[in-house]
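Heads up, start-v5.cif below (mmCIF, C-alpha atoms):
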data_structure
#
loop_
_atom_site.label_atom_id
_atom_site.label_comp_id
_atom_site.auth_asym_id
_atom_site.auth_seq_id
_atom_site.Cartn_x
_atom_site.Cartn_y
_atom_site.Cartn_z
CA MET A 1388 26.58 -12.18 4.40
CA SER A 1389 25.49 -12.47 0.77
CA ARG A 1390 27.52 -11.07 -2.11
CA ASP A 1391 24.63 -8.71 -2.92
CA ALA A 1392 24.78 -7.30 0.61
CA ASP A 1393 28.55 -6.87 0.31
CA GLU A 1394 28.16 -4.82 -2.87
CA ARG A 1395 25.35 -2.50 -1.80
CA VAL A 1396 26.04 1.23 -1.52
CA ASN A 1397 25.34 2.14 2.09
CA SER A 1398 25.20 5.86 1.39
CA LEU A 1399 22.34 5.26 -1.03
CA VAL A 1400 20.53 3.23 1.64
CA LYS A 1401 20.93 6.08 4.09
CA GLY A 1402 19.69 8.62 1.56
CA LEU A 1403 16.55 6.63 0.87
CA GLU A 1404 15.93 6.27 4.62
CA VAL A 1405 16.07 10.06 4.91
CA LEU A 1406 13.46 10.47 2.16
CA LYS A 1407 11.20 7.88 3.79
CA ALA A 1408 11.50 9.68 7.13
CA PHE A 1409 9.76 12.75 5.69
CA GLY A 1410 6.79 10.55 4.76
CA ARG A 1411 6.44 9.48 8.37
CA HIS A 1412 6.94 12.94 9.87
CA HIS A 1413 4.59 14.88 7.52
CA GLN A 1414 6.30 18.24 8.08
CA PRO A 1415 9.68 19.95 7.58
CA MET A 1416 12.43 18.65 9.86
CA ASN A 1417 15.77 19.94 11.06
CA ILE A 1418 18.96 17.88 11.09
CA THR A 1419 18.45 16.65 14.66
CA GLU A 1420 14.93 15.44 13.88
CA VAL A 1421 16.07 13.65 10.71
CA ALA A 1422 18.86 11.96 12.66
CA SER A 1423 16.36 10.83 15.29
CA GLU A 1424 13.90 9.51 12.68
CA THR A 1425 16.55 7.55 10.77
CA GLY A 1426 19.02 6.46 13.43
CA LEU A 1427 21.82 8.33 11.65
CA THR A 1428 24.32 10.53 13.43
CA PRO A 1429 23.63 14.26 13.06
CA ALA A 1430 26.76 14.59 10.91
CA SER A 1431 25.63 11.80 8.59
CA ALA A 1432 22.09 13.17 8.45
CA ARG A 1433 23.48 16.58 7.51
CA ARG A 1434 25.55 15.11 4.66
CA MET A 1435 22.55 13.17 3.34
CA LEU A 1436 20.30 16.24 3.49
CA LEU A 1437 22.80 18.47 1.72
CA THR A 1438 23.37 15.85 -0.98
CA LEU A 1439 19.64 15.36 -1.54
CA THR A 1440 19.16 19.13 -1.59
CA GLY A 1441 21.82 19.45 -4.25
CA LEU A 1442 20.04 16.80 -6.34
CA GLY A 1443 16.69 18.54 -5.93
CA TYR A 1444 14.95 15.79 -3.93
CA VAL A 1445 14.94 17.87 -0.74
CA GLU A 1446 14.37 21.61 -0.32
CA ARG A 1447 15.82 23.78 2.45
CA GLU A 1448 13.94 26.39 4.47
CA GLY A 1449 16.48 27.94 6.84
CA LYS A 1450 17.40 25.20 9.30
CA ARG A 1451 14.56 22.94 8.23
CA PHE A 1452 14.20 20.62 5.26
CA ARG A 1453 11.27 19.20 3.34
CA VAL A 1454 10.83 16.85 0.40
CA GLY A 1455 10.89 18.52 -2.99
CA PRO A 1456 8.58 17.77 -5.93
CA LYS A 1457 11.40 16.00 -7.78
CA VAL A 1458 10.72 12.99 -5.54
CA LEU A 1459 7.61 12.44 -7.65
CA ASP A 1460 9.93 11.39 -10.49
CA LEU A 1461 10.75 8.23 -8.53
CA GLY A 1462 7.11 7.26 -8.20
CA TYR A 1463 6.43 8.13 -11.82
CA SER A 1464 9.24 5.82 -12.94
CA TYR A 1465 7.57 2.93 -11.13
CA MET A 1466 4.12 3.69 -12.52
CA ALA A 1467 5.34 4.33 -16.07
CA SER A 1468 7.48 1.19 -16.22
CA THR A 1469 4.64 -1.18 -15.32
CA PRO A 1470 1.88 -1.63 -17.95
CA LEU A 1471 -0.49 -2.90 -15.26
CA TRP A 1472 -1.22 0.57 -13.91
CA GLN A 1473 -2.20 2.05 -17.29
CA ILE A 1474 -4.68 -0.80 -17.73
CA VAL A 1475 -5.97 -0.73 -14.15
CA GLN A 1476 -6.81 2.97 -13.84
CA PRO A 1477 -9.66 3.13 -16.40
CA ALA A 1478 -10.94 -0.25 -15.20
CA ILE A 1479 -11.34 0.84 -11.58
CA GLU A 1480 -12.83 4.17 -12.64
CA ARG A 1481 -15.56 2.33 -14.54
CA LEU A 1482 -16.10 0.04 -11.56
CA SER A 1483 -16.32 2.97 -9.15
CA GLU A 1484 -18.80 4.83 -11.33
CA SER A 1485 -21.06 1.86 -11.99
CA LEU A 1486 -21.18 0.59 -8.41
CA LYS A 1487 -20.96 3.96 -6.63
CA VAL A 1488 -18.09 2.76 -4.45
CA SER A 1489 -14.49 3.83 -3.98
CA THR A 1490 -12.03 1.51 -5.71
CA SER A 1491 -8.29 1.16 -5.22
CA VAL A 1492 -5.37 -1.05 -6.16
CA ALA A 1493 -2.41 -1.77 -3.90
CA VAL A 1494 0.75 -3.84 -3.69
CA LEU A 1495 2.47 -5.38 -0.69
CA ASP A 1496 5.62 -3.90 0.82
CA GLY A 1497 6.70 -5.67 3.97
CA CYS A 1498 3.57 -6.05 6.08
CA GLU A 1499 1.98 -2.92 4.65
CA ILE A 1500 -0.03 -2.25 1.54
CA VAL A 1501 0.91 0.68 -0.69
CA PHE A 1502 -1.85 2.29 -2.75
CA THR A 1503 -0.87 2.61 -6.41
CA VAL A 1504 -4.04 3.82 -8.16
CA ARG A 1505 -7.43 4.92 -6.88
CA ALA A 1506 -10.87 6.01 -8.07
CA ASN A 1507 -12.96 7.79 -5.48
CA THR A 1508 -16.67 8.52 -5.15
CA ARG A 1509 -18.41 11.04 -2.93
CA HIS A 1510 -17.87 8.77 0.08
CA VAL A 1511 -15.40 10.46 2.39
CA SER A 1512 -13.08 8.60 4.73
CA SER A 1513 -11.58 10.17 7.82
CA VAL A 1514 -8.27 8.68 6.69
CA LEU A 1515 -6.63 10.47 3.74
CA VAL A 1516 -5.89 7.91 1.02
CA SER A 1517 -3.93 8.64 -2.15
CA THR A 1518 -1.20 7.07 -4.27
CA GLY A 1519 1.63 6.05 -1.95
CA THR A 1520 -0.55 5.80 1.17
CA ARG A 1521 0.43 2.88 3.40
CA GLN A 1522 -1.86 0.82 5.62
CA PRO A 1523 -1.26 -2.31 7.70
CA ALA A 1524 -1.91 -5.39 5.60
CA HIS A 1525 -3.47 -7.63 8.23
CA VAL A 1526 -6.52 -5.42 8.91
CA THR A 1527 -7.29 -4.43 5.31
CA SER A 1528 -9.06 -6.39 2.58
CA MET A 1529 -6.34 -5.84 -0.02
CA GLY A 1530 -3.67 -6.70 2.53
CA ARG A 1531 -5.31 -10.01 3.37
CA VAL A 1532 -5.60 -10.91 -0.30
CA LEU A 1533 -1.92 -10.18 -0.85
CA LEU A 1534 -0.86 -12.03 2.30
CA ALA A 1535 -3.01 -15.04 1.43
CA PHE A 1536 -1.12 -15.75 -1.79
CA LEU A 1537 2.39 -15.57 -0.36
CA THR A 1538 4.38 -18.77 -0.03
CA PRO A 1539 4.54 -20.16 3.55
CA GLU A 1540 8.11 -18.92 3.87
CA GLN A 1541 7.21 -15.46 2.60
CA LEU A 1542 4.21 -15.29 4.92
CA ASP A 1543 6.29 -16.20 7.98
CA ALA A 1544 8.84 -13.51 7.14
CA THR A 1545 6.16 -10.91 6.47
CA LEU A 1546 4.11 -11.56 9.60
CA SER A 1547 7.28 -11.29 11.69
CA LEU A 1548 7.17 -7.58 10.76
CA ALA A 1549 3.50 -7.08 11.67
CA LYS A 1550 2.39 -4.95 14.59
CA PHE A 1551 -0.91 -6.37 15.76
CA GLU A 1552 -2.25 -3.09 17.12
CA ARG A 1553 -5.91 -2.41 17.83
CA TYR A 1554 -6.98 0.33 15.41
CA THR A 1555 -10.70 -0.11 16.14
CA GLU A 1556 -12.71 -2.31 18.47
CA LYS A 1557 -13.01 -4.84 15.61
CA SER A 1558 -9.30 -5.01 14.72
CA LEU A 1559 -7.83 -8.50 14.49
CA THR A 1560 -4.87 -8.75 16.88
CA ASP A 1561 -4.28 -12.51 16.92
CA GLU A 1562 -1.75 -13.94 14.44
CA ALA A 1563 -3.07 -17.50 14.68
CA LYS A 1564 -6.60 -16.34 13.82
CA LEU A 1565 -5.23 -14.26 10.95
CA ARG A 1566 -3.52 -17.32 9.48
CA LEU A 1567 -6.83 -19.19 9.53
CA ILE A 1568 -8.56 -16.27 7.80
CA LEU A 1569 -5.83 -16.14 5.15
CA LYS A 1570 -6.37 -19.82 4.33
CA GLU A 1571 -10.04 -19.07 3.75
CA VAL A 1572 -9.19 -16.03 1.62
CA ARG A 1573 -6.92 -18.15 -0.56
CA LEU A 1574 -9.66 -20.73 -1.09
CA GLN A 1575 -12.45 -18.25 -1.88
CA ASN A 1576 -10.24 -15.81 -3.83
CA TYR A 1577 -11.46 -12.68 -2.05
CA ALA A 1578 -11.43 -10.95 1.34
CA ILE A 1579 -14.01 -8.81 3.12
CA VAL A 1580 -13.09 -6.60 6.08
CA ASP A 1581 -15.50 -4.57 8.18
CA SER A 1582 -14.26 -1.69 10.36
CA GLU A 1583 -10.92 -3.22 11.34
CA TRP A 1584 -8.71 -0.39 10.06
CA GLU A 1585 -11.23 2.43 10.28
CA ALA A 1586 -14.62 2.38 12.00
CA GLY A 1587 -17.39 2.37 9.41
CA LEU A 1588 -15.15 1.28 6.53
CA LYS A 1589 -16.30 -1.89 4.75
CA ALA A 1590 -14.27 -3.25 1.86
CA VAL A 1591 -14.03 -6.28 -0.39
CA ALA A 1592 -10.86 -7.14 -2.33
CA VAL A 1593 -9.82 -9.57 -5.05
CA PRO A 1594 -6.39 -10.46 -6.44
CA LEU A 1595 -5.06 -9.11 -9.73
CA ARG A 1596 -3.03 -11.69 -11.64
CA ASN A 1597 -0.61 -11.52 -14.54
CA LYS A 1598 -0.79 -13.80 -17.57
CA ARG A 1599 1.12 -16.52 -15.66
CA GLY A 1600 -1.44 -16.45 -12.87
CA ASP A 1601 0.82 -14.80 -10.30
CA VAL A 1602 -0.86 -12.36 -7.91
CA VAL A 1603 0.78 -8.99 -8.59
CA ALA A 1604 -1.64 -6.63 -6.82
CA ALA A 1605 -5.03 -6.46 -5.12
CA MET A 1606 -8.11 -4.43 -6.02
CA ASN A 1607 -10.80 -3.36 -3.57
CA ALA A 1608 -14.16 -1.66 -3.44
CA ALA A 1609 -15.01 0.25 -0.29
CA VAL A 1610 -17.92 2.07 1.30
CA TYR A 1611 -17.71 4.44 4.26
CA HIS A 1612 -20.37 4.78 6.97
CA SER A 1613 -22.88 3.28 4.57
CA PRO A 1614 -26.10 1.44 5.44
CA LEU A 1615 -24.92 -1.24 3.01
CA ASP A 1616 -23.67 -4.31 4.83
CA THR A 1617 -20.96 -6.77 3.86
CA SER A 1618 -23.50 -9.14 2.32
CA TYR A 1619 -24.24 -6.44 -0.27
CA LEU A 1620 -20.54 -6.24 -1.10
CA LYS A 1621 -20.36 -9.99 -1.50
CA GLU A 1622 -23.54 -10.43 -3.53
CA ASN A 1623 -23.63 -7.26 -5.64
CA VAL A 1624 -20.12 -5.83 -5.82
CA LEU A 1625 -17.88 -8.90 -5.78
CA PRO A 1626 -19.12 -10.41 -9.10
CA ALA A 1627 -18.35 -7.15 -10.92
CA MET A 1628 -14.90 -7.08 -9.33
CA PHE A 1629 -14.13 -10.61 -10.48
CA GLU A 1630 -15.19 -9.61 -13.99
CA ALA A 1631 -13.01 -6.48 -13.92
CA ALA A 1632 -10.01 -8.45 -12.62
CA ALA A 1633 -10.42 -11.00 -15.40
CA GLN A 1634 -10.60 -8.24 -18.02
CA ILE A 1635 -7.47 -6.58 -16.64
CA ARG A 1636 -5.61 -9.90 -16.88
CA VAL A 1637 -6.72 -10.41 -20.49
CA ASN A 1638 -5.48 -6.95 -21.47
CA LEU A 1639 -2.03 -7.33 -19.91
CA PRO A 1640 0.86 -7.88 -22.36
CA ASN A 1641 2.49 -11.31 -22.41
#
Please lay out the structure from this file as structure tokens.
Amino acid sequence: MSRDADERVNSLVKGLEVLKAFGRHHQPMNITEVASETGLTPASARRMLLTLTGLGYVEREGKRFRVGPKVLDLGYSYMASTPLWQIVQPAIERLSESLKVSTSVAVLDGCEIVFTVRANTRHVSSVLVSTGTRQPAHVTSMGRVLLAFLTPEQLDATLSLAKFERYTEKSLTDEAKLRLILKEVRLQNYAIVDSEWEAGLKAVAVPLRNKRGDVVAAMNAAVYHSPLDTSYLKENVLPAMFEAAAQIRVNLPN
């Protein structure tokens, strides 16, 4: 076991697991439900809930608990501490307005993407997407971009966490085929996905790089149940996305 693992505070780990459980459950939970969601004993779950309630991160409603608005402070700390997001937001809003598409930026966490900023058009998806929304990386355009630029060791570790479920009839469920697609994505510097996560959702994504050239996020443009096909995204939308990504990189601090 590493020294870092020896020095971690397990109670903090448990507390964060409790907060994450509310994101999966989407409604107030009692102590038994929290224990079931997190794998904690009911006694441990109770202590975590009471501690988080005292700190303001969880609110109590009789025997049930729900996340409190103070949790937003944690997300704000991440967004405020990273200059990238302040530069990205106006850039994707301009892109969304000019191309009449929905645009988003996401980062990789495990084998999921996490949406960080978003600019929406009138196109409506059946899947609610907002800051903090998670989606499986292997069936999304931004996910494939982020996976493609991992080191071989990082990719192996990440794909070991993937659940190759069939979300639509077009969903990719074969890891070997995914690896071949990721090689192509790395060479061409973009990914296009059609109806693999949600039927009727077409999206193209490009990497966002820092001044050193490291891929730090991915940006996409998406259309929902549109007569536009993927060739339109490639020929008409992709060039503007490359231009926006280059401008974002230029504006990042050293």
Explicit residue set for the PyMOL selection byres ((chain A and resi 1545-1550) around 12), as a PyMOL selection string:
chain A and resi 1495-1500+1522-1526+1530-1531+1533-1535+1537-1544+1551-1554+1558-1563+1565-1566+1569
To verify the selection step, state as a ChimeraX atom specification which residues the PyMOL selection byres ((chain A and resi 1483) around 12) yields on this input.
/A:1476-1482,1484-1491,1505-1510,1606-1610,1624,1627-1628,1631
Nearest residue to A:Phe1502 out of A:Ser1613, A:Asn1623, A:Thr1518, A:Ser1582, using all atoms listed in the file?
A:Thr1518
Could you tell me how far atom CA of A:Ser1423 lies from atom CA of A:Trp1584, in Å and to one decimal?
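Interatomic distance, atom CA of A:Ser1423 to atom CA of A:Trp1584: 28.0 Å.
Ranking A:Ala1605, A:Gly1441, A:Val1405, A:Arg1453 by their shortest atom-to-atom distance to A:Pro1429, with only C-alpha atoms included, puts A:Val1405 first.
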Atomic separation - atom CA of A:Ser1528 relative to atom CA of A:Lys1598, Å
23.0 Å
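With all atoms listed in the file as the basis for measurement, A:Arg1596 is the residue among A:Arg1596, A:Lys1401, A:Arg1433, A:Lys1570 that approaches A:Val1494 most closely.
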One-decimal distance in Å that lies between atom CA of A:Ile1474 and atom CA of A:Ala1592:
17.8 Å
Closest of A:Arg1636, A:Arg1434, A:Lys1564, A:Arg1573 to A:Arg1599 - atom-to-atom distances counting all atoms listed in the file
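Nearest to A:Arg1599: A:Arg1636.
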Go through A:Ala1578, A:Leu1437, A:Leu1406, A:Val1602 and flag the residue nearest A:Glu1424, using all atoms listed in the file for the distances.
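The shortest atom-to-atom distance to A:Glu1424 comes from A:Leu1406.
If you measure from each of A:Pro1594, A:Pro1470, A:Gly1519, A:Gly1410 to A:Gly1455 using only C-alpha atoms, the closest one turns out to be A:Gly1410.
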Which residues are close to A:Glu1420, i.e. within 10 Å by all atoms listed in the file, leaving aside same-chain residues fewer than 6 positions away? Reply as a PyMOL selection string.
chain A and resi 1408+1412+1426+1429+1432+1451
Resolved residues for the PyMOL selection byres ((chain A and resi 1617) around 10) as JSON, numbers by chain
{"A": [1579, 1580, 1581, 1589, 1590, 1591, 1610, 1614, 1615, 1616, 1618, 1619, 1620, 1621, 1622, 1623, 1624]}
With C-alpha atoms kept, could you save the residues just selected as a compact mmCIF listing (two decimals), in the coordinates of the input?
# COMPACT_ATOMS: atom_id res chain seq x y z
CA ILE A 1579 -14.01 -8.81 3.12
CA VAL A 1580 -13.09 -6.60 6.08
CA ASP A 1581 -15.50 -4.57 8.18
CA LYS A 1589 -16.30 -1.89 4.75
CA ALA A 1590 -14.27 -3.25 1.86
CA VAL A 1591 -14.03 -6.28 -0.39
CA VAL A 1610 -17.92 2.07 1.30
CA PRO A 1614 -26.10 1.44 5.44
CA LEU A 1615 -24.92 -1.24 3.01
CA ASP A 1616 -23.67 -4.31 4.83
CA SER A 1618 -23.50 -9.14 2.32
CA TYR A 1619 -24.24 -6.44 -0.27
CA LEU A 1620 -20.54 -6.24 -1.10
CA LYS A 1621 -20.36 -9.99 -1.50
CA GLU A 1622 -23.54 -10.43 -3.53
CA ASN A 1623 -23.63 -7.26 -5.64
CA VAL A 1624 -20.12 -5.83 -5.82
Would you be able to write out as a ChimeraX atom specification which residues have an atom within 12 Å of (9.5, 11.2, 4.0) in the file's coordinates, counting all atoms listed in the file?
/A:1402-1416,1421,1424-1425,1436,1444-1445,1452-1456,1458-1459,1519-1520
